[in-house]
Amino acid sequence: MKLERFKQRDPKKIGITIFTIVCILLIAGVFFYTSFASFETHDEFNIIEGTVGSNGDLYFAFYVDDVISKTMPQKGEGYKINKEKTNCTKGASVEFNETDWSVKVVNMTERNTKCTLYFESRYSEDILNGADPVLKEPLIAVTIDNNGTVKRADLSTEWYSYEKKNWANAVILNHTGECNRKLFCMDTKI
């Protein structure tokens, strides 16, 4: 019979093993705590707080059809950003990419910068089954009156109606005085 099985274990080895396990658990606990504690969100109406690099705090507020919202609308929900109303404090500005539906804040140099994004409903027709016109920059939606007057279209109201045979129209504004594209090119601001 082998007596090795009944031999008392070395207390020094047991102590080192327990100490190593405790150290690993302590390091893992500190790592997870600092990972999750470095970012906090505060759900106060539509404001999300977080730390951005060494520049400081950045706050977002979202308005959907001029009503404050706790979240930014999702891509494909029928909204567009109103670039004229969207703004940031302290000299920063927002660049919104409608293709990726993402927000980029540029020129942020101070702490506690607040950015407010305004989203508006887009007009759509049921007859098109979701195939409504999508305009990419530099196209600008316009309406053309019966007398030929061209006006910037309000995308939240009926600016086209395929059922009534009022087609969606768009122009490219040219401020240089010469038209790069002969079709739908205008030299004046709408």
# chains A, B, ... in the order shown; residues from 1 in each chain; ligands from 1
>>> select_by_dssp(residues="range 28-170 of chain A", states="strand (DSSP E or B)", output="PyMOL selection string")
chain A and resi 44+47-52+56-64+67-69+79-81+87-88+93-97+102-106+113-121+139-144+150-152+161+166+169-170
>>> closest_atom_pairs(of="range 92-156 of chain A", to="range 61-74 of chain A", cutoff="8 Å", atoms="only C-alpha atoms", output="tab-separated table")
residue	atom	partner	partner_atom	distance
A:Trp101	CA	A:Gln74	CA	7.8
A:Lys114	CA	A:Ala61	CA	7.7
A:Cys115	CA	A:Ala61	CA	6.3
A:Thr116	CA	A:Ala61	CA	4.6
A:Leu117	CA	A:Phe62	CA	5.0
A:Tyr118	CA	A:Tyr63	CA	4.7
A:Phe119	CA	A:Val64	CA	4.7
A:Glu120	CA	A:Asp65	CA	4.8
A:Ser121	CA	A:Asp65	CA	6.6
>>> residues_around(residues="range 133-138 of chain A", least_positions_apart="5", cutoff="9 Å", atoms="only C-alpha atoms", output="number ranges by chain")
A: 98, 124, 168, 170-173
>>> atom_distance(atom1="CA of Val94 in chain A", atom2="CA of Thr113 in chain A")
11.4 Å
>>> atom_distance(atom1="CA of Gly148 in chain A", atom2="CA of Leu128 in chain A")
26.1 Å
>>> atom_distance(atom1="CA of Phe60 in chain A", atom2="CA of Lys83 in chain A")
15.0 Å
>>> closest_residue(among="A:Asn129, A:Asn146, A:Ser102, A:Thr109", to="Cys88 in chain A", atoms="only C-alpha atoms")
A:Thr109
